[in-house]
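Structure file final-v2.cif with mmCIF, C-alpha atoms and all ligand atoms:
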data_work
#
loop_
_atom_site.label_atom_id
_atom_site.label_comp_id
_atom_site.auth_asym_id
_atom_site.auth_seq_id
_atom_site.Cartn_x
_atom_site.Cartn_y
_atom_site.Cartn_z
CA MET A 1 0.00 0.00 0.00
CA ARG A 2 2.70 2.45 0.92
CA ALA A 3 4.55 1.85 -2.34
CA ASP A 4 1.33 2.53 -4.27
CA VAL A 5 0.71 5.67 -2.30
CA ALA A 6 4.27 6.83 -2.81
CA GLY A 7 3.87 6.32 -6.55
CA ALA A 8 0.64 8.27 -6.66
CA LEU A 9 2.23 11.02 -4.65
CA ALA A 10 5.26 11.21 -6.88
CA ALA A 11 2.93 11.63 -9.85
CA ALA A 12 0.82 14.23 -8.09
CA ALA A 13 3.68 15.93 -6.32
CA TRP A 14 3.95 19.12 -8.30
CA PHE A 15 0.35 20.12 -8.76
CA GLY A 16 0.03 22.16 -5.58
CA PRO A 17 -3.33 21.93 -3.84
CA ALA A 18 -4.41 19.34 -6.39
CA ALA A 19 -2.51 16.88 -4.22
CA ALA A 20 -5.04 17.45 -1.44
CA PRO A 21 -7.74 15.07 -2.78
CA ILE A 22 -5.41 12.11 -2.39
CA ALA A 23 -4.65 13.04 1.21
CA PRO A 24 -7.31 10.73 2.73
CA ALA A 25 -5.68 7.67 1.11
CA VAL A 26 -2.30 8.77 2.38
CA ALA A 27 -3.70 9.40 5.84
CA ALA A 28 -5.09 5.89 5.97
CA ALA A 29 -1.82 4.37 4.78
CA PHE A 30 0.19 6.24 7.39
CA ARG A 31 -2.51 6.06 10.08
CA VAL A 32 -2.59 9.82 10.52
CA PRO A 33 -5.69 10.94 12.46
CA ARG A 34 -8.31 12.78 10.44
CA ARG A 35 -10.80 13.08 13.30
CA LEU A 36 -10.79 14.15 16.93
CA PRO A 37 -10.30 11.44 19.54
CA GLY A 38 -13.36 12.56 21.49
CA ALA A 39 -16.30 14.93 21.45
CA GLY A 40 -16.61 18.24 19.69
CA ILE A 41 -16.00 19.77 16.30
CA ALA A 42 -12.69 21.50 15.54
CA ILE A 43 -12.52 24.33 13.03
CA THR A 44 -8.96 24.71 11.72
CA PHE A 45 -7.29 27.41 9.62
CA ASP A 46 -4.12 26.78 7.63
CA ASP A 47 -1.49 28.96 5.94
CA GLY A 48 -1.58 32.08 8.11
CA PRO A 49 -1.10 34.45 9.60
CA HIS A 50 -2.33 36.93 6.99
CA GLU A 51 -2.58 40.66 7.57
CA HIS A 52 -6.23 40.81 6.50
CA GLY A 53 -7.52 37.25 6.64
CA THR A 54 -6.44 36.48 10.18
CA PRO A 55 -8.02 39.55 11.81
CA ALA A 56 -11.23 38.94 9.85
CA VAL A 57 -11.46 35.36 11.05
CA LEU A 58 -10.49 36.24 14.62
CA GLU A 59 -13.27 38.80 14.80
CA LEU A 60 -15.90 36.31 13.59
CA LEU A 61 -14.68 33.65 16.02
CA ALA A 62 -14.86 36.15 18.87
CA GLU A 63 -18.41 37.15 17.92
CA ALA A 64 -19.43 33.49 17.96
CA ARG A 65 -17.38 32.80 21.10
CA ALA A 66 -15.82 29.93 19.23
CA ARG A 67 -12.40 28.44 19.73
CA ALA A 68 -10.36 27.27 16.75
CA THR A 69 -6.95 25.92 15.81
CA PHE A 70 -4.53 27.70 13.48
CA PHE A 71 -1.78 25.81 11.66
CA LEU A 72 0.81 28.53 11.10
CA VAL A 73 3.54 28.78 8.48
CA GLY A 74 6.89 29.86 9.93
CA GLU A 75 7.80 32.27 7.14
CA GLN A 76 4.43 34.00 7.54
CA VAL A 77 4.81 34.21 11.31
CA GLU A 78 8.13 35.98 10.75
CA ARG A 79 6.34 38.52 8.55
CA ALA A 80 3.55 39.09 11.06
CA PRO A 81 4.57 37.89 14.54
CA SER A 82 2.07 40.16 16.28
CA LEU A 83 -0.81 38.48 14.42
CA ALA A 84 0.43 35.08 15.54
CA ALA A 85 0.54 36.43 19.09
CA GLU A 86 -3.02 37.72 18.70
CA ILE A 87 -4.27 34.29 17.71
CA ALA A 88 -2.82 32.70 20.83
CA ALA A 89 -3.87 35.58 23.07
CA ALA A 90 -7.48 35.11 21.93
CA GLY A 91 -7.37 31.57 23.31
CA HIS A 92 -7.00 29.67 20.07
CA GLU A 93 -4.59 26.79 19.61
CA VAL A 94 -1.63 27.07 17.26
CA GLY A 95 0.00 24.22 15.38
CA VAL A 96 2.90 23.84 12.97
CA HIS A 97 2.29 23.88 9.19
CA GLY A 98 6.00 24.04 8.26
CA TYR A 99 8.48 26.85 7.93
CA ARG A 100 8.11 26.95 4.15
CA HIS A 101 4.83 25.86 2.56
CA ALA A 102 6.32 23.13 0.39
CA LEU A 103 5.50 19.49 -0.22
CA LEU A 104 7.47 17.16 2.04
CA LEU A 105 8.27 14.71 -0.74
CA ARG A 106 11.79 14.46 -2.15
CA ARG A 107 13.26 16.25 0.85
CA SER A 108 15.94 14.71 3.03
CA PRO A 109 15.21 13.84 6.67
CA ARG A 110 17.69 16.50 7.69
CA ALA A 111 15.96 19.18 5.59
CA LEU A 112 12.59 18.11 7.01
CA ARG A 113 13.79 18.23 10.59
CA ASP A 114 15.35 21.64 10.05
CA ASP A 115 12.12 22.98 8.54
CA PHE A 116 9.95 21.61 11.36
CA LYS A 117 12.21 22.89 14.14
CA ARG A 118 12.62 26.29 12.52
CA ALA A 119 8.84 26.61 12.23
CA HIS A 120 8.36 25.48 15.81
CA ASP A 121 10.88 27.99 17.15
CA VAL A 122 9.44 30.91 15.20
CA ILE A 123 5.90 30.07 16.30
CA ALA A 124 6.89 29.48 19.92
CA GLU A 125 8.73 32.79 20.08
CA ALA A 126 5.89 34.77 18.53
CA THR A 127 3.04 33.17 20.47
CA GLY A 128 4.65 32.20 23.76
CA THR A 129 3.18 28.71 23.40
CA GLU A 130 4.67 25.34 22.52
CA PRO A 131 2.97 24.01 19.39
CA THR A 132 2.64 20.23 19.44
CA LEU A 133 0.27 19.68 16.51
CA TYR A 134 1.60 19.24 13.00
CA ARG A 135 -0.21 19.32 9.67
CA PRO A 136 1.84 19.13 6.44
CA PRO A 137 1.44 21.52 3.50
CA TYR A 138 -1.20 20.16 1.10
CA GLY A 139 -2.01 17.45 3.64
CA VAL A 140 0.65 15.19 2.16
CA PHE A 141 2.99 13.29 4.48
CA SER A 142 6.10 11.36 3.62
CA GLY A 143 7.28 8.39 5.68
CA PRO A 144 10.41 10.15 6.98
CA ALA A 145 8.40 13.28 7.81
CA LEU A 146 5.91 11.31 9.86
CA LEU A 147 8.70 9.57 11.74
CA ILE A 148 10.32 12.91 12.58
CA VAL A 149 7.02 14.43 13.71
CA ARG A 150 6.38 11.50 16.05
CA ARG A 151 9.95 11.53 17.39
CA LEU A 152 9.53 15.20 18.23
CA GLY A 153 6.54 14.14 20.30
CA TRP A 154 4.09 16.06 18.13
CA ARG A 155 0.65 14.95 17.00
CA PRO A 156 0.27 14.64 13.22
CA LEU A 157 -3.19 15.60 12.10
CA LEU A 158 -5.22 16.03 8.92
CA TRP A 159 -8.95 16.75 8.56
CA SER A 160 -12.29 15.10 7.87
CA ARG A 161 -14.21 18.01 6.29
CA TRP A 162 -13.11 20.89 4.14
CA GLY A 163 -14.56 23.91 2.41
CA LYS A 164 -12.26 23.71 -0.63
CA ASP A 165 -11.88 27.40 0.01
CA TRP A 166 -8.55 27.69 -1.79
CA VAL A 167 -9.95 27.45 -5.32
CA ALA A 168 -10.65 30.60 -7.32
CA LYS A 169 -14.07 29.61 -8.61
CA THR A 170 -15.97 29.05 -5.41
CA THR A 171 -18.43 31.05 -3.34
CA PRO A 172 -19.00 31.51 0.39
CA ALA A 173 -22.22 29.48 0.08
CA ALA A 174 -20.39 26.62 -1.62
CA ILE A 175 -17.62 26.69 0.97
CA ALA A 176 -20.12 26.59 3.84
CA ALA A 177 -22.24 23.85 2.27
CA ARG A 178 -19.23 21.64 1.63
CA ALA A 179 -17.70 22.21 5.07
CA MET A 180 -20.98 21.35 6.80
CA ARG A 181 -21.84 18.25 4.79
CA GLU A 182 -22.64 15.50 7.34
CA LEU A 183 -20.82 17.53 9.97
CA GLY A 184 -20.86 15.93 13.41
CA ARG A 185 -19.03 14.67 16.48
CA GLY A 186 -15.28 14.36 16.00
CA ASP A 187 -15.05 16.24 12.72
CA ILE A 188 -12.07 18.44 11.92
CA VAL A 189 -12.89 21.15 9.38
CA LEU A 190 -10.14 22.54 7.14
CA LEU A 191 -10.35 26.21 6.12
CA HIS A 192 -7.75 28.87 5.27
CA ASP A 193 -7.41 32.36 6.73
CA ALA A 194 -4.70 33.27 4.20
CA ASP A 195 -4.22 33.37 0.44
CA HIS A 196 -0.43 33.14 0.48
CA TYR A 197 -0.53 29.75 -1.26
CA SER A 198 -3.98 29.71 -2.85
CA SER A 199 -6.03 31.85 -5.19
CA GLY A 200 -5.93 35.58 -4.52
CA ASP A 201 -8.27 36.91 -1.85
CA SER A 202 -9.50 33.41 -1.02
CA TRP A 203 -9.63 34.47 2.64
CA ARG A 204 -12.48 36.87 1.79
CA ARG A 205 -14.68 33.99 0.66
CA THR A 206 -13.67 31.95 3.70
CA ALA A 207 -14.49 34.79 6.07
CA ALA A 208 -17.84 35.30 4.34
CA ALA A 209 -18.61 31.60 4.77
CA LEU A 210 -17.46 31.34 8.36
CA PRO A 211 -20.56 32.61 10.20
CA GLU A 212 -22.67 29.95 8.47
CA VAL A 213 -20.11 27.24 9.22
CA LEU A 214 -19.97 28.26 12.89
CA ALA A 215 -23.76 28.32 13.12
CA GLY A 216 -23.99 24.95 11.41
CA ALA A 217 -21.43 23.45 13.76
CA ALA A 218 -23.27 24.87 16.78
CA ALA A 219 -26.55 23.44 15.47
CA THR A 220 -25.16 19.91 15.69
CA GLY A 221 -25.11 20.28 19.48
CA GLU A 222 -21.40 19.46 19.56
CA PRO A 223 -19.12 21.97 21.28
CA LEU A 224 -16.64 23.88 19.11
CA VAL A 225 -13.25 22.96 20.49
CA SER A 226 -9.59 23.43 19.76
CA VAL A 227 -7.97 20.19 18.68
CA SER A 228 -6.25 19.55 22.01
CA GLN A 229 -9.44 20.19 23.98
CA SER A 230 -11.00 17.04 22.55
CA ARG A 231 -10.05 13.96 24.52
ZN ZN B 1 -1.40 24.90 3.62
#
What would you get if you wrote out this structure as structure tokens?
Ligand SMILES: [Zn+2]
Amino acid sequence: MRADVAGALAAAAWFGPAAAPIAPAVAAAFRVPRRLPGAGIAITFDDGPHEHGTPAVLELLAEARARATFFLVGEQVERAPSLAAEIAAAGHEVGVHGYRHALLLRRSPRALRDDFKRAHDVIAEATGTEPTLYRPPYGVFSGPALLIVRRLGWRPLLWSRWGKDWVAKTTPAAIAARAMRELGRGDIVLLHDADHYSSGDSWRRTAAALPEVLAGAAATGEPLVSVSQSR
């Protein structure tokens, strides 16, 4: 199975977010969790911080009194450390999404370890917290990367629902509908508060969809939790 997955990944490796649809197969092969271990629904935001997207999302989360998890990119935290600090200060969880937003494939264990540690250190310094969650760019793990993440004592994590909010031809309604499809206990929802690695201004559509997603999640009766709150 792993050899098949590796082959598929090699073929898909250079198509950016297009690699994301094969992530569930990879997650299964590597036994990377896609759901919470316990109760609740976790809303997660990747690729930030972003000077406009992050404040927009933070404001909506505050209005809804919802807690979320942000998987931060080290190079973006360096550009906007105060925004990273704001995320943590608002009570949200922060995780590692790499120092550079690049696929993990075809990179040496040493390069991977350096990237992860650099991201961790930048995030820890900016937020004053120790991130222990890790989600790879494009949701694609490699075997060596997973080994390193586990040796660092971090939790690798993917997602079970997404809004596909990175594509150019989508709408807030489509993002919300997709994110909420069969939403329930244990789901982890993938969204993006930044357009650094996706279509321009994608965060605007995400922010416009977010109130409906938060209301839909609340309507399930499940609490909105950060990833580490769910046990
Ligand atoms: Zn990403």
Can I get the residues of chain A within 6 Å of ligand ZN 1 (chain B), each with the closest pair of atoms and their distance in Å to one decimal, using all atoms listed in the file, sorted chain first then ascending number, as a tab-separated table?
residue	atom	partner	partner_atom	distance
A:Asp46	CA	B:ZN1	ZN	5.2
A:Asp47	CA	B:ZN1	ZN	4.7
A:Pro137	CA	B:ZN1	ZN	4.4
A:Tyr138	CA	B:ZN1	ZN	5.4
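In this structure, CA of Lys169 (chain A) sits 12.8 Å away from CA of Arg204 (chain A).
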Could you make a table, as a tab-separated table, of the residues of region 136-167 of chain A that have an atom within 6 Å of an atom of region 183-193 of chain A, each with its nearest atom pair and distance in Å to one decimal, counting all atoms listed in the file, in chain and number order?
residue	atom	partner	partner_atom	distance
A:Trp159	CA	A:Ile188	CA	4.9
A:Ser160	CA	A:Ile188	CA	5.3
A:Arg161	CA	A:Val189	CA	4.6
A:Trp162	CA	A:Leu190	CA	4.5
Just-selected residues, C-alpha atoms written as a compact mmCIF listing (two decimals), in the frame of the given file:
# COMPACT_ATOMS: atom_id res chain seq x y z
CA TRP A 159 -8.95 16.75 8.56
CA SER A 160 -12.29 15.10 7.87
CA ARG A 161 -14.21 18.01 6.29
CA TRP A 162 -13.11 20.89 4.14
CA of Gln76 (chain A) and CA of Pro49 (chain A), how far apart in Å? 5.9 Å
Taking only C-alpha atoms into account, which of A:Ser142, A:Ala219, A:Ile148, A:Ala90 comes nearest Glu63 (chain A)?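 Using only C-alpha atoms, Glu63 (chain A) sits closest to A:Ala90.
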Would you list the contacts of Leu152 (chain A) as a PyMOL selection string, taking every protein, DNA or RNA residue within 10 Å and counting only C-alpha atoms, but skipping same-chain residues closer than 6 positions in sequence? chain A and resi 113+116-117+132+146
Top pick for closest residue to Glu93 (chain A), considering A:His196, A:Arg31, A:Arg181, A:Arg67 and counting all atoms listed in the file: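 Closest candidate: A:Arg67.
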Would you please work out which residue, of A:Val213, A:Ala39, A:Ala119, A:Leu157, is nearest to Ser230 (chain A) when using only C-alpha atoms?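 Between A:Val213, A:Ala39, A:Ala119, A:Leu157, the residue approaching Ser230 (chain A) most closely is A:Ala39.
In terms of minimum interatomic distance to Tyr99 (chain A), A:Val73 ranks closest within A:Ala80, A:Leu224, A:Val73, A:Ala85, counting all atoms listed in the file.
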Rank nothing, just name the residue among A:Phe70, A:Phe45, A:Tyr134, A:Tyr197 nearest to Gly98 (chain A), using all atoms listed in the file.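 Nearest candidate to Gly98 (chain A) out of A:Phe70, A:Phe45, A:Tyr134, A:Tyr197: A:Tyr134.
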One decimal, Å: what's the distance from CA of Asp201 (chain A) over to CA of Thr127 (chain A), could you say?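 Taking CA of Asp201 (chain A) as the start and CA of Thr127 (chain A) as the end point, the length is 25.3 Å.
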Distance criterion (all atoms listed in the file): nearest to Leu147 (chain A) out of A:Pro109, A:Gly38, A:Gly216, A:Pro172: A:Pro109
Near-Glu75 (chain A) list (12 Å; only C-alpha atoms; drop same-chain fewer than 3 positions) as an MDAnalysis selection string: chainID A and resid 47:50 72 78:81 84 96:102 115:116 118:123 126 196
List the residues sitting within 9 Å of (-2.9, 28.7, 24.2) in the file's frame, using all atoms listed in the file, as a PyMOL selection string. chain A and resi 87-94+127-131
Written selection (C-alpha atoms) as an mmCIF file, keeping the file's coordinate frame:
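Below you can see part.cif, which holds the result:
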data_model
loop_
_atom_site.group_PDB
_atom_site.id
_atom_site.type_symbol
_atom_site.label_atom_id
_atom_site.label_comp_id
_atom_site.auth_asym_id
_atom_site.auth_seq_id
_atom_site.Cartn_x
_atom_site.Cartn_y
_atom_site.Cartn_z
ATOM 1 C CA ILE A 87 -4.270 34.290 17.710
ATOM 2 C CA ALA A 88 -2.820 32.700 20.830
ATOM 3 C CA ALA A 89 -3.870 35.580 23.070
ATOM 4 C CA ALA A 90 -7.480 35.110 21.930
ATOM 5 C CA GLY A 91 -7.370 31.570 23.310
ATOM 6 C CA HIS A 92 -7.000 29.670 20.070
ATOM 7 C CA GLU A 93 -4.590 26.790 19.610
ATOM 8 C CA VAL A 94 -1.630 27.070 17.260
ATOM 9 C CA THR A 127 3.040 33.170 20.470
ATOM 10 C CA GLY A 128 4.650 32.200 23.760
ATOM 11 C CA THR A 129 3.180 28.710 23.400
ATOM 12 C CA GLU A 130 4.670 25.340 22.520
ATOM 13 C CA PRO A 131 2.970 24.010 19.390
#
List every protein, DNA or RNA residue with an atom no more than 8 Å from (-19.0, 32.9, 13.8) in the file's coordinates, counting only C-alpha atoms, and format the result as a PyMOL selection string. chain A and resi 60-66+210-215
